[in-house]
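Quick notes on the structure that follows.
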Amino acid sequence: MTTAPSSTAARERDETVAERSAYESVIHRLSKASVDKHWEPYRDIPWDDPEFLIDQADPRWEMPEVDKLGAHPWYQSRSPEVRAKIGLWRVATAMKIGLQFENLLKRGLLNYAYRLPNGSPEFRYVYHETIEEGHHGMMFQEFVNRTKLPVRGMPGPLSAIAQVAPWIPLISTELFFVFVLGGEDPIDHVQRKVLKDGQTHHPLEETIMRIHIAEEARHISFARHYLRNRVPRMPRHRKLMLGIISPIILGIMARIMLAPPGPMIKRFKIPANVVREVYLNNPAASQEICDSVGKTRDLCGEIGLINPLTRRIWKVMGIWAPPATRASS
């Protein structure tokens with residue numbers, strides 16, 4: 001008679017309980033952080049302070065080095081007023097797309113929370129995040145309104161297709177949180193680079209970015225911990241499907257978040273060859289897209305979503321680089 005199988009089962013149960021306990025501790029910590037440190041757009045941003053007013057010709061709106069168009073001779077040859085307006089249009093469009101993405105995100109989070117059982121620690125955190133994303137949408141739209149620019153955000157056809165996103169949690173919560181990271185990580189990556197670029201930025205833009213980065217850090221942390229907790233325990237076939245779909249979602253999302261706005265190109269008559277040189281045939285722009293999903297790519301390697309098959313898809317999507325930490329190759 002041997003007790004090895006039962007001992008192994010008991011050890012696995014203990015490890016599962018310990019992992020669940022550690023995961024729930026993270027959720028409680030994130031919920032507490034949302035109470036202890038949060039912002040409200042109409043309380044914490046001095047919109048009508050003279051220093052915060054938006055002037056379309058303010059040179060501080062000129063494009064930062066993060067956006068490759070800013071260094072192109074065509075852009076540099078424009079008048080200072082035009083350069084500022086193009087830069088403001090770019091910022092306003094990014095905020096409009098951001099609030100549209102967060103609208104989809106909030107609806108998806110509520111669909112996820114709707115089915116959570118009583119006592120679930122995720123329920124409270126998801127509602128904290130939904131409230132914070134609501135505040136982000138308000139501050140982004142307020143910024144857009146004050147620019148007085150006719151920015152649209154997502155193109156119409158893309159916006160229509162995106163309406164399926166809130167229903168993803170009803171099919172796969174794991175896929176939904178990959179989608180969440182696909183939208184949040186690229187913007188977080190760019191905003192952090194902008195704040196570190198050494199340029200002087202408009203105080204309103206800088207305040208909004210700092211608030212967004214601080215609160216999105218919690219949202220990104222939750223999505224990552226959720227995937228770390230769930231994906232390793234998924235059935236093999238579902239895990240394979242998630243591994244196949246994830247690089248497609250991430251590659252598309254990164255391009256949506258970082259692509260130049262079509263209406264801006266038309267409005268300022270940016271030549272097609274300039275667009276190609278800056279955004280389409282530019283290795284630096286391609287590298288920026290790849291880098292913007294770097295943390296999520298590392299996570300996918302860590303939780304076993306990258307293998308010889310899925311690695312090919314990452315390469316096809318133009319977002320492959322060896323993850324820093326990988327559970328499987």
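Identifiers in the structure tokens: chain A, B, ... in order shown; residue index from 1 per chain; ligand index from 1 in order shown.
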Residues near A:Leu250, cut-off 10 Å, only C-alpha atoms, skip fewer than 6 positions along chain, as a ChimeraX atom specification: /A:178-183,185-186,256,289-290,292-293,296-297,314,317,319
Please provide the set of residues having any atom within 8 Å of stretch 136-152 of chain A, restricted to only C-alpha atoms, with same-chain residues fewer than 4 positions apart removed, written as a PDB file with all heavy atoms, in the first residue's frame.
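Full text of out_13.pdb as output:
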ATOM      1  N   PRO A  41     -12.129  63.960 -12.038  1.00  0.00           N
ATOM      2  CA  PRO A  41     -11.716  64.957 -13.038  1.00  0.00           C
ATOM      3  C   PRO A  41     -12.187  66.373 -12.762  1.00  0.00           C
ATOM      4  O   PRO A  41     -11.490  67.334 -13.097  1.00  0.00           O
ATOM      5  CB  PRO A  41     -12.304  64.414 -14.344  1.00  0.00           C
ATOM      6  CG  PRO A  41     -13.378  63.469 -13.934  1.00  0.00           C
ATOM      7  CD  PRO A  41     -12.920  62.869 -12.644  1.00  0.00           C
ATOM      8  N   TYR A  42     -13.359  66.524 -12.161  1.00  0.00           N
ATOM      9  CA  TYR A  42     -13.875  67.874 -11.952  1.00  0.00           C
ATOM     10  C   TYR A  42     -13.565  68.406 -10.553  1.00  0.00           C
ATOM     11  O   TYR A  42     -13.972  69.510 -10.208  1.00  0.00           O
ATOM     12  CB  TYR A  42     -15.376  67.918 -12.248  1.00  0.00           C
ATOM     13  CG  TYR A  42     -15.633  67.669 -13.716  1.00  0.00           C
ATOM     14  CD1 TYR A  42     -16.099  66.426 -14.158  1.00  0.00           C
ATOM     15  CD2 TYR A  42     -15.361  68.650 -14.665  1.00  0.00           C
ATOM     16  CE1 TYR A  42     -16.291  66.181 -15.507  1.00  0.00           C
ATOM     17  CE2 TYR A  42     -15.560  68.410 -16.018  1.00  0.00           C
ATOM     18  CZ  TYR A  42     -16.023  67.177 -16.433  1.00  0.00           C
ATOM     19  OH  TYR A  42     -16.203  66.938 -17.770  1.00  0.00           O
ATOM     20  N   ILE A  54      -6.512  75.913 -23.122  1.00  0.00           N
ATOM     21  CA  ILE A  54      -5.949  75.374 -24.354  1.00  0.00           C
ATOM     22  C   ILE A  54      -5.948  76.438 -25.451  1.00  0.00           C
ATOM     23  O   ILE A  54      -6.990  76.990 -25.802  1.00  0.00           O
ATOM     24  CB  ILE A  54      -6.744  74.140 -24.828  1.00  0.00           C
ATOM     25  CG1 ILE A  54      -6.584  72.996 -23.824  1.00  0.00           C
ATOM     26  CG2 ILE A  54      -6.287  73.697 -26.222  1.00  0.00           C
ATOM     27  CD1 ILE A  54      -7.425  71.775 -24.152  1.00  0.00           C
ATOM     28  N   ASP A  55      -4.756  76.695 -25.961  1.00  0.00           N
ATOM     29  CA  ASP A  55      -4.561  77.567 -27.118  1.00  0.00           C
ATOM     30  C   ASP A  55      -4.009  76.690 -28.235  1.00  0.00           C
ATOM     31  O   ASP A  55      -2.958  76.053 -28.082  1.00  0.00           O
ATOM     32  CB  ASP A  55      -3.572  78.685 -26.762  1.00  0.00           C
ATOM     33  CG  ASP A  55      -3.227  79.580 -27.950  1.00  0.00           C
ATOM     34  OD1 ASP A  55      -3.739  79.324 -29.063  1.00  0.00           O
ATOM     35  OD2 ASP A  55      -2.435  80.515 -27.763  1.00  0.00           O
ATOM     36  N   GLN A  56      -4.725  76.628 -29.350  1.00  0.00           N
ATOM     37  CA  GLN A  56      -4.317  75.737 -30.435  1.00  0.00           C
ATOM     38  C   GLN A  56      -2.933  76.062 -30.983  1.00  0.00           C
ATOM     39  O   GLN A  56      -2.291  75.197 -31.583  1.00  0.00           O
ATOM     40  CB  GLN A  56      -5.343  75.778 -31.568  1.00  0.00           C
ATOM     41  CG  GLN A  56      -6.697  75.206 -31.184  1.00  0.00           C
ATOM     42  CD  GLN A  56      -7.658  75.167 -32.362  1.00  0.00           C
ATOM     43  OE1 GLN A  56      -7.305  75.550 -33.480  1.00  0.00           O
ATOM     44  NE2 GLN A  56      -8.876  74.698 -32.125  1.00  0.00           N
ATOM     45  N   LEU A  88      -1.713  69.007 -31.287  1.00  0.00           N
ATOM     46  CA  LEU A  88      -2.914  69.009 -30.452  1.00  0.00           C
ATOM     47  C   LEU A  88      -3.953  68.038 -31.005  1.00  0.00           C
ATOM     48  O   LEU A  88      -4.620  67.326 -30.248  1.00  0.00           O
ATOM     49  CB  LEU A  88      -3.486  70.425 -30.371  1.00  0.00           C
ATOM     50  CG  LEU A  88      -4.769  70.595 -29.543  1.00  0.00           C
ATOM     51  CD1 LEU A  88      -4.570  70.124 -28.108  1.00  0.00           C
ATOM     52  CD2 LEU A  88      -5.239  72.056 -29.573  1.00  0.00           C
ATOM     53  N   TRP A  89      -4.083  68.001 -32.328  1.00  0.00           N
ATOM     54  CA  TRP A  89      -5.024  67.073 -32.965  1.00  0.00           C
ATOM     55  C   TRP A  89      -4.652  65.632 -32.616  1.00  0.00           C
ATOM     56  O   TRP A  89      -5.521  64.818 -32.301  1.00  0.00           O
ATOM     57  CB  TRP A  89      -5.002  67.267 -34.478  1.00  0.00           C
ATOM     58  CG  TRP A  89      -6.101  66.550 -35.215  1.00  0.00           C
ATOM     59  CD1 TRP A  89      -6.275  65.205 -35.314  1.00  0.00           C
ATOM     60  CD2 TRP A  89      -7.181  67.148 -35.941  1.00  0.00           C
ATOM     61  NE1 TRP A  89      -7.384  64.910 -36.069  1.00  0.00           N
ATOM     62  CE2 TRP A  89      -7.964  66.087 -36.469  1.00  0.00           C
ATOM     63  CE3 TRP A  89      -7.544  68.468 -36.213  1.00  0.00           C
ATOM     64  CZ2 TRP A  89      -9.089  66.320 -37.249  1.00  0.00           C
ATOM     65  CZ3 TRP A  89      -8.680  68.690 -36.994  1.00  0.00           C
ATOM     66  CH2 TRP A  89      -9.435  67.633 -37.500  1.00  0.00           C
ATOM     67  N   ALA A  92      -5.566  64.997 -28.939  1.00  0.00           N
ATOM     68  CA  ALA A  92      -7.021  64.923 -28.768  1.00  0.00           C
ATOM     69  C   ALA A  92      -7.585  63.627 -29.338  1.00  0.00           C
ATOM     70  O   ALA A  92      -8.478  63.006 -28.740  1.00  0.00           O
ATOM     71  CB  ALA A  92      -7.683  66.129 -29.429  1.00  0.00           C
ATOM     72  N   THR A  93      -7.053  63.182 -30.489  1.00  0.00           N
ATOM     73  CA  THR A  93      -7.526  61.927 -31.085  1.00  0.00           C
ATOM     74  C   THR A  93      -7.165  60.743 -30.202  1.00  0.00           C
ATOM     75  O   THR A  93      -7.969  59.822 -30.015  1.00  0.00           O
ATOM     76  CB  THR A  93      -6.942  61.744 -32.489  1.00  0.00           C
ATOM     77  OG1 THR A  93      -7.379  62.813 -33.321  1.00  0.00           O
ATOM     78  CG2 THR A  93      -7.395  60.419 -33.098  1.00  0.00           C
ATOM     79  N   MET A  95      -6.882  60.766 -27.016  1.00  0.00           N
ATOM     80  CA  MET A  95      -7.797  60.768 -25.875  1.00  0.00           C
ATOM     81  C   MET A  95      -9.193  60.310 -26.277  1.00  0.00           C
ATOM     82  O   MET A  95      -9.858  59.593 -25.522  1.00  0.00           O
ATOM     83  CB  MET A  95      -7.829  62.151 -25.236  1.00  0.00           C
ATOM     84  CG  MET A  95      -6.529  62.523 -24.551  1.00  0.00           C
ATOM     85  SD  MET A  95      -6.734  63.865 -23.368  1.00  0.00           S
ATOM     86  CE  MET A  95      -5.004  64.174 -22.937  1.00  0.00           C
ATOM     87  N   LYS A  96      -9.630  60.693 -27.478  1.00  0.00           N
ATOM     88  CA  LYS A  96     -10.949  60.254 -27.941  1.00  0.00           C
ATOM     89  C   LYS A  96     -10.976  58.737 -28.135  1.00  0.00           C
ATOM     90  O   LYS A  96     -11.924  58.065 -27.710  1.00  0.00           O
ATOM     91  CB  LYS A  96     -11.302  60.958 -29.254  1.00  0.00           C
ATOM     92  CG  LYS A  96     -12.722  60.686 -29.742  1.00  0.00           C
ATOM     93  CD  LYS A  96     -13.774  61.334 -28.858  1.00  0.00           C
ATOM     94  CE  LYS A  96     -15.169  61.140 -29.419  1.00  0.00           C
ATOM     95  NZ  LYS A  96     -16.194  61.825 -28.604  1.00  0.00           N
ATOM     96  N   GLY A  98      -9.008  56.696 -26.642  1.00  0.00           N
ATOM     97  CA  GLY A  98      -8.891  56.148 -25.296  1.00  0.00           C
ATOM     98  C   GLY A  98     -10.223  56.057 -24.585  1.00  0.00           C
ATOM     99  O   GLY A  98     -10.548  55.047 -23.958  1.00  0.00           O
ATOM    100  N   LEU A  99     -11.045  57.096 -24.682  1.00  0.00           N
ATOM    101  CA  LEU A  99     -12.334  57.053 -23.982  1.00  0.00           C
ATOM    102  C   LEU A  99     -13.290  56.070 -24.660  1.00  0.00           C
ATOM    103  O   LEU A  99     -14.124  55.440 -23.990  1.00  0.00           O
ATOM    104  CB  LEU A  99     -12.937  58.452 -23.870  1.00  0.00           C
ATOM    105  CG  LEU A  99     -13.553  59.128 -25.084  1.00  0.00           C
ATOM    106  CD1 LEU A  99     -15.036  58.788 -25.236  1.00  0.00           C
ATOM    107  CD2 LEU A  99     -13.415  60.645 -24.967  1.00  0.00           C
ATOM    108  N   GLN A 100     -13.160  55.907 -25.997  1.00  0.00           N
ATOM    109  CA  GLN A 100     -13.994  54.919 -26.677  1.00  0.00           C
ATOM    110  C   GLN A 100     -13.603  53.507 -26.262  1.00  0.00           C
ATOM    111  O   GLN A 100     -14.469  52.657 -26.001  1.00  0.00           O
ATOM    112  CB  GLN A 100     -13.867  55.098 -28.192  1.00  0.00           C
ATOM    113  CG  GLN A 100     -14.518  56.370 -28.699  1.00  0.00           C
ATOM    114  CD  GLN A 100     -14.161  56.689 -30.148  1.00  0.00           C
ATOM    115  OE1 GLN A 100     -13.090  56.303 -30.639  1.00  0.00           O
ATOM    116  NE2 GLN A 100     -15.048  57.374 -30.843  1.00  0.00           N
ATOM    117  N   GLU A 102     -12.208  52.706 -23.434  1.00  0.00           N
ATOM    118  CA  GLU A 102     -12.601  52.523 -22.042  1.00  0.00           C
ATOM    119  C   GLU A 102     -14.113  52.370 -21.902  1.00  0.00           C
ATOM    120  O   GLU A 102     -14.592  51.749 -20.944  1.00  0.00           O
ATOM    121  CB  GLU A 102     -12.063  53.665 -21.191  1.00  0.00           C
ATOM    122  CG  GLU A 102     -10.536  53.580 -21.064  1.00  0.00           C
ATOM    123  CD  GLU A 102      -9.932  54.645 -20.166  1.00  0.00           C
ATOM    124  OE1 GLU A 102     -10.638  55.615 -19.825  1.00  0.00           O
ATOM    125  OE2 GLU A 102      -8.746  54.506 -19.801  1.00  0.00           O
ATOM    126  N   ASN A 103     -14.882  52.895 -22.836  1.00  0.00           N
ATOM    127  CA  ASN A 103     -16.320  52.647 -22.854  1.00  0.00           C
ATOM    128  C   ASN A 103     -16.591  51.166 -23.094  1.00  0.00           C
ATOM    129  O   ASN A 103     -17.401  50.534 -22.398  1.00  0.00           O
ATOM    130  CB  ASN A 103     -16.963  53.513 -23.938  1.00  0.00           C
ATOM    131  CG  ASN A 103     -18.471  53.326 -24.031  1.00  0.00           C
ATOM    132  OD1 ASN A 103     -18.944  52.281 -24.487  1.00  0.00           O
ATOM    133  ND2 ASN A 103     -19.212  54.332 -23.624  1.00  0.00           N
ATOM    134  N   GLU A 132     -13.305  54.282 -11.973  1.00  0.00           N
ATOM    135  CA  GLU A 132     -12.114  55.020 -12.394  1.00  0.00           C
ATOM    136  C   GLU A 132     -12.081  55.215 -13.907  1.00  0.00           C
ATOM    137  O   GLU A 132     -11.721  56.301 -14.396  1.00  0.00           O
ATOM    138  CB  GLU A 132     -10.860  54.294 -11.912  1.00  0.00           C
ATOM    139  CG  GLU A 132     -10.676  54.369 -10.396  1.00  0.00           C
ATOM    140  CD  GLU A 132      -9.664  53.394  -9.835  1.00  0.00           C
ATOM    141  OE1 GLU A 132      -9.054  52.633 -10.629  1.00  0.00           O
ATOM    142  OE2 GLU A 132      -9.475  53.394  -8.609  1.00  0.00           O
ATOM    143  N   ILE A 208      -3.330  65.145 -16.890  1.00  0.00           N
ATOM    144  CA  ILE A 208      -4.191  64.043 -17.313  1.00  0.00           C
ATOM    145  C   ILE A 208      -3.378  62.758 -17.475  1.00  0.00           C
ATOM    146  O   ILE A 208      -3.801  61.676 -17.037  1.00  0.00           O
ATOM    147  CB  ILE A 208      -4.922  64.408 -18.622  1.00  0.00           C
ATOM    148  CG1 ILE A 208      -5.996  65.467 -18.333  1.00  0.00           C
ATOM    149  CG2 ILE A 208      -5.554  63.170 -19.263  1.00  0.00           C
ATOM    150  CD1 ILE A 208      -6.674  66.007 -19.577  1.00  0.00           C
ATOM    151  N   HIS A 212      -3.853  59.306 -15.353  1.00  0.00           N
ATOM    152  CA  HIS A 212      -4.164  58.089 -16.102  1.00  0.00           C
ATOM    153  C   HIS A 212      -3.146  56.993 -15.832  1.00  0.00           C
ATOM    154  O   HIS A 212      -3.512  55.830 -15.581  1.00  0.00           O
ATOM    155  CB  HIS A 212      -4.212  58.421 -17.598  1.00  0.00           C
ATOM    156  CG  HIS A 212      -4.772  57.322 -18.428  1.00  0.00           C
ATOM    157  ND1 HIS A 212      -4.023  56.626 -19.348  1.00  0.00           N
ATOM    158  CD2 HIS A 212      -6.015  56.776 -18.479  1.00  0.00           C
ATOM    159  CE1 HIS A 212      -4.774  55.713 -19.936  1.00  0.00           C
ATOM    160  NE2 HIS A 212      -5.984  55.779 -19.432  1.00  0.00           N
ATOM    161  N   PRO A 263      -8.291  61.440 -40.310  1.00  0.00           N
ATOM    162  CA  PRO A 263      -8.781  62.821 -40.494  1.00  0.00           C
ATOM    163  C   PRO A 263      -7.685  63.871 -40.314  1.00  0.00           C
ATOM    164  O   PRO A 263      -7.718  64.917 -40.964  1.00  0.00           O
ATOM    165  CB  PRO A 263      -9.853  62.944 -39.407  1.00  0.00           C
ATOM    166  CG  PRO A 263     -10.341  61.546 -39.192  1.00  0.00           C
ATOM    167  CD  PRO A 263      -9.119  60.696 -39.348  1.00  0.00           C
TER     168      PRO A 263
END
If we count only C-alpha atoms and set the cut-off at 10 Å, which residues sit around stretch 189-200 of chain A, ignoring sequence neighbours fewer than 4 positions away in its own chain? Please answer as a ChimeraX atom specification. /A:59-67,184-185,206,209-210,212-213,257-258,288-289,291-295
Written file, previous selection with N, CA and C atoms, as a PDB file, in the first residue's frame:
ATOM      1  N   PRO A  59       3.019  76.420 -28.498  1.00  0.00           N
ATOM      2  CA  PRO A  59       4.115  75.568 -28.999  1.00  0.00           C
ATOM      3  C   PRO A  59       4.317  74.300 -28.185  1.00  0.00           C
ATOM      4  N   ARG A  60       3.768  74.256 -26.985  1.00  0.00           N
ATOM      5  CA  ARG A  60       3.920  73.038 -26.183  1.00  0.00           C
ATOM      6  C   ARG A  60       3.127  71.866 -26.753  1.00  0.00           C
ATOM      7  N   TRP A  61       2.254  72.129 -27.740  1.00  0.00           N
ATOM      8  CA  TRP A  61       1.520  71.036 -28.383  1.00  0.00           C
ATOM      9  C   TRP A  61       2.321  70.388 -29.503  1.00  0.00           C
ATOM     10  N   GLU A  62       3.462  70.968 -29.843  1.00  0.00           N
ATOM     11  CA  GLU A  62       4.235  70.356 -30.926  1.00  0.00           C
ATOM     12  C   GLU A  62       4.571  68.902 -30.594  1.00  0.00           C
ATOM     13  N   MET A  63       4.638  68.094 -31.620  1.00  0.00           N
ATOM     14  CA  MET A  63       4.773  66.648 -31.438  1.00  0.00           C
ATOM     15  C   MET A  63       6.049  66.279 -30.694  1.00  0.00           C
ATOM     16  N   PRO A  64       5.943  65.370 -29.726  1.00  0.00           N
ATOM     17  CA  PRO A  64       7.131  64.900 -29.018  1.00  0.00           C
ATOM     18  C   PRO A  64       7.925  63.927 -29.877  1.00  0.00           C
ATOM     19  N   GLU A  65       9.109  63.602 -29.442  1.00  0.00           N
ATOM     20  CA  GLU A  65       9.967  62.701 -30.213  1.00  0.00           C
ATOM     21  C   GLU A  65       9.390  61.292 -30.308  1.00  0.00           C
ATOM     22  N   VAL A  66       8.507  60.932 -29.378  1.00  0.00           N
ATOM     23  CA  VAL A  66       7.891  59.602 -29.422  1.00  0.00           C
ATOM     24  C   VAL A  66       7.149  59.412 -30.738  1.00  0.00           C
ATOM     25  N   ASP A  67       6.520  60.475 -31.243  1.00  0.00           N
ATOM     26  CA  ASP A  67       5.825  60.401 -32.524  1.00  0.00           C
ATOM     27  C   ASP A  67       6.810  60.760 -33.629  1.00  0.00           C
ATOM     28  N   GLU A 184      -4.604  48.905 -23.063  1.00  0.00           N
ATOM     29  CA  GLU A 184      -4.018  49.716 -22.000  1.00  0.00           C
ATOM     30  C   GLU A 184      -2.498  49.795 -22.066  1.00  0.00           C
ATOM     31  N   ASP A 185      -1.842  48.692 -22.392  1.00  0.00           N
ATOM     32  CA  ASP A 185      -0.373  48.686 -22.377  1.00  0.00           C
ATOM     33  C   ASP A 185       0.256  49.632 -23.399  1.00  0.00           C
ATOM     34  N   GLU A 206      -0.159  67.051 -19.205  1.00  0.00           N
ATOM     35  CA  GLU A 206       0.693  66.339 -18.260  1.00  0.00           C
ATOM     36  C   GLU A 206      -0.094  65.861 -17.046  1.00  0.00           C
ATOM     37  N   MET A 209      -2.198  62.855 -18.085  1.00  0.00           N
ATOM     38  CA  MET A 209      -1.369  61.666 -18.266  1.00  0.00           C
ATOM     39  C   MET A 209      -0.936  61.079 -16.930  1.00  0.00           C
ATOM     40  N   ARG A 210      -0.560  61.921 -15.986  1.00  0.00           N
ATOM     41  CA  ARG A 210      -0.107  61.403 -14.690  1.00  0.00           C
ATOM     42  C   ARG A 210      -1.244  60.714 -13.935  1.00  0.00           C
ATOM     43  N   HIS A 212      -3.853  59.306 -15.353  1.00  0.00           N
ATOM     44  CA  HIS A 212      -4.164  58.089 -16.102  1.00  0.00           C
ATOM     45  C   HIS A 212      -3.146  56.993 -15.832  1.00  0.00           C
ATOM     46  N   ILE A 213      -1.864  57.339 -15.840  1.00  0.00           N
ATOM     47  CA  ILE A 213      -0.816  56.341 -15.593  1.00  0.00           C
ATOM     48  C   ILE A 213      -0.968  55.738 -14.203  1.00  0.00           C
ATOM     49  N   MET A 257      -4.093  51.937 -31.419  1.00  0.00           N
ATOM     50  CA  MET A 257      -3.755  52.935 -30.411  1.00  0.00           C
ATOM     51  C   MET A 257      -2.651  53.887 -30.873  1.00  0.00           C
ATOM     52  N   LEU A 258      -1.747  53.410 -31.727  1.00  0.00           N
ATOM     53  CA  LEU A 258      -0.579  54.213 -32.093  1.00  0.00           C
ATOM     54  C   LEU A 258      -0.632  54.753 -33.519  1.00  0.00           C
ATOM     55  N   GLU A 288       8.516  50.605 -32.300  1.00  0.00           N
ATOM     56  CA  GLU A 288       7.679  51.220 -31.264  1.00  0.00           C
ATOM     57  C   GLU A 288       6.432  50.381 -31.008  1.00  0.00           C
ATOM     58  N   ILE A 289       5.811  49.896 -32.073  1.00  0.00           N
ATOM     59  CA  ILE A 289       4.636  49.038 -31.926  1.00  0.00           C
ATOM     60  C   ILE A 289       5.017  47.751 -31.197  1.00  0.00           C
ATOM     61  N   ASP A 291       7.581  47.272 -29.157  1.00  0.00           N
ATOM     62  CA  ASP A 291       7.931  47.578 -27.770  1.00  0.00           C
ATOM     63  C   ASP A 291       6.699  47.858 -26.917  1.00  0.00           C
ATOM     64  N   SER A 292       5.654  48.420 -27.532  1.00  0.00           N
ATOM     65  CA  SER A 292       4.472  48.828 -26.768  1.00  0.00           C
ATOM     66  C   SER A 292       3.721  47.648 -26.155  1.00  0.00           C
ATOM     67  N   VAL A 293       3.926  46.451 -26.702  1.00  0.00           N
ATOM     68  CA  VAL A 293       3.270  45.260 -26.139  1.00  0.00           C
ATOM     69  C   VAL A 293       4.276  44.370 -25.411  1.00  0.00           C
ATOM     70  N   GLY A 294       5.452  44.922 -25.128  1.00  0.00           N
ATOM     71  CA  GLY A 294       6.520  44.106 -24.548  1.00  0.00           C
ATOM     72  C   GLY A 294       6.159  43.452 -23.230  1.00  0.00           C
ATOM     73  N   LYS A 295       5.521  44.192 -22.337  1.00  0.00           N
ATOM     74  CA  LYS A 295       5.182  43.633 -21.024  1.00  0.00           C
ATOM     75  C   LYS A 295       4.134  42.533 -21.142  1.00  0.00           C
TER      76      LYS A 295
END
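Nearest residue to A:Asp188 among A:Val231, A:Ile270, A:Ala94, A:Ile248 is A:Ala94, counting only C-alpha atoms.
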What's the separation between atom CA of A:Lys266 and atom CA of A:Gly318, in Å to one decimal place? 26.7 Å
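When atom CA of A:Arg90 is paired with atom CA of A:Ala160, their separation reads 22.0 Å.
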Residues within 8 Å of A:Val126, only C-alpha atoms, excluding chain neighbours under 5 positions, as JSON, numbers by chain: {"A": [109, 110, 113]}
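Closest to A:Ser221 among A:Thr16, A:Phe177, A:Ser246, A:Gly153 is A:Phe177, based on only C-alpha atoms.
If you look at atom CA of A:Ser25 and atom CA of A:Leu175, they are 23.2 Å away from each other.
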A:Pro247, A:Ala272, A:Trp74, A:Gln287 ranked by distance to A:Val316, top pick (using only C-alpha atoms): A:Pro247
I'd like the contact shell of A:Trp167 - 9 Å cut-off, only C-alpha atoms, skipping same-chain residues fewer than 3 positions apart - returned as a list of chain:residue names. A:Arg107, A:Gly108, A:Asn111, A:Tyr112, A:Gln163, A:Val164, A:Leu170, A:Ile171, A:Phe176
Write to file, as an mmCIF file, in the first residue's frame, the residues of the selection just made, with C-alpha atoms.
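Contents of result_15.cif, as written:
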data_model
loop_
_atom_site.group_PDB
_atom_site.id
_atom_site.type_symbol
_atom_site.label_atom_id
_atom_site.label_comp_id
_atom_site.auth_asym_id
_atom_site.auth_seq_id
_atom_site.Cartn_x
_atom_site.Cartn_y
_atom_site.Cartn_z
ATOM 1 C CA ARG A 107 -19.268 47.442 -20.488
ATOM 2 C CA GLY A 108 -17.151 44.294 -20.636
ATOM 3 C CA ASN A 111 -20.711 41.845 -18.046
ATOM 4 C CA TYR A 112 -17.917 39.996 -16.242
ATOM 5 C CA GLN A 163 -19.036 46.725 -30.297
ATOM 6 C CA VAL A 164 -18.486 42.968 -29.926
ATOM 7 C CA LEU A 170 -19.415 35.866 -21.858
ATOM 8 C CA ILE A 171 -17.235 33.657 -24.068
ATOM 9 C CA PHE A 176 -11.230 39.690 -22.518
#
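Among A:Glu277, A:Asp48, A:Asp36, A:Glu174, the residue with the shortest atom-to-atom distance to A:Met241, counting only C-alpha atoms, is A:Glu174.
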With distances taken over only C-alpha atoms, which residue among A:Lys68, A:Leu53, A:Ile211, A:Phe101 lies nearest A:Leu158? A:Phe101
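Distances here use only C-alpha atoms; by that measure, the residue among A:Pro232, A:Pro155, A:Gly134, A:Gly119 closest to A:Glu19 is A:Pro232.
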If you run DSSP on the backbone, which residues of stretch 21-221 of chain A are helix (DSSP H, G or I), as a PyMOL selection string? chain A and resi 21-36+41-44+50-52+59-61+68-71+73-76+80-114+121-147+156-162+165-170+173-195+203-221
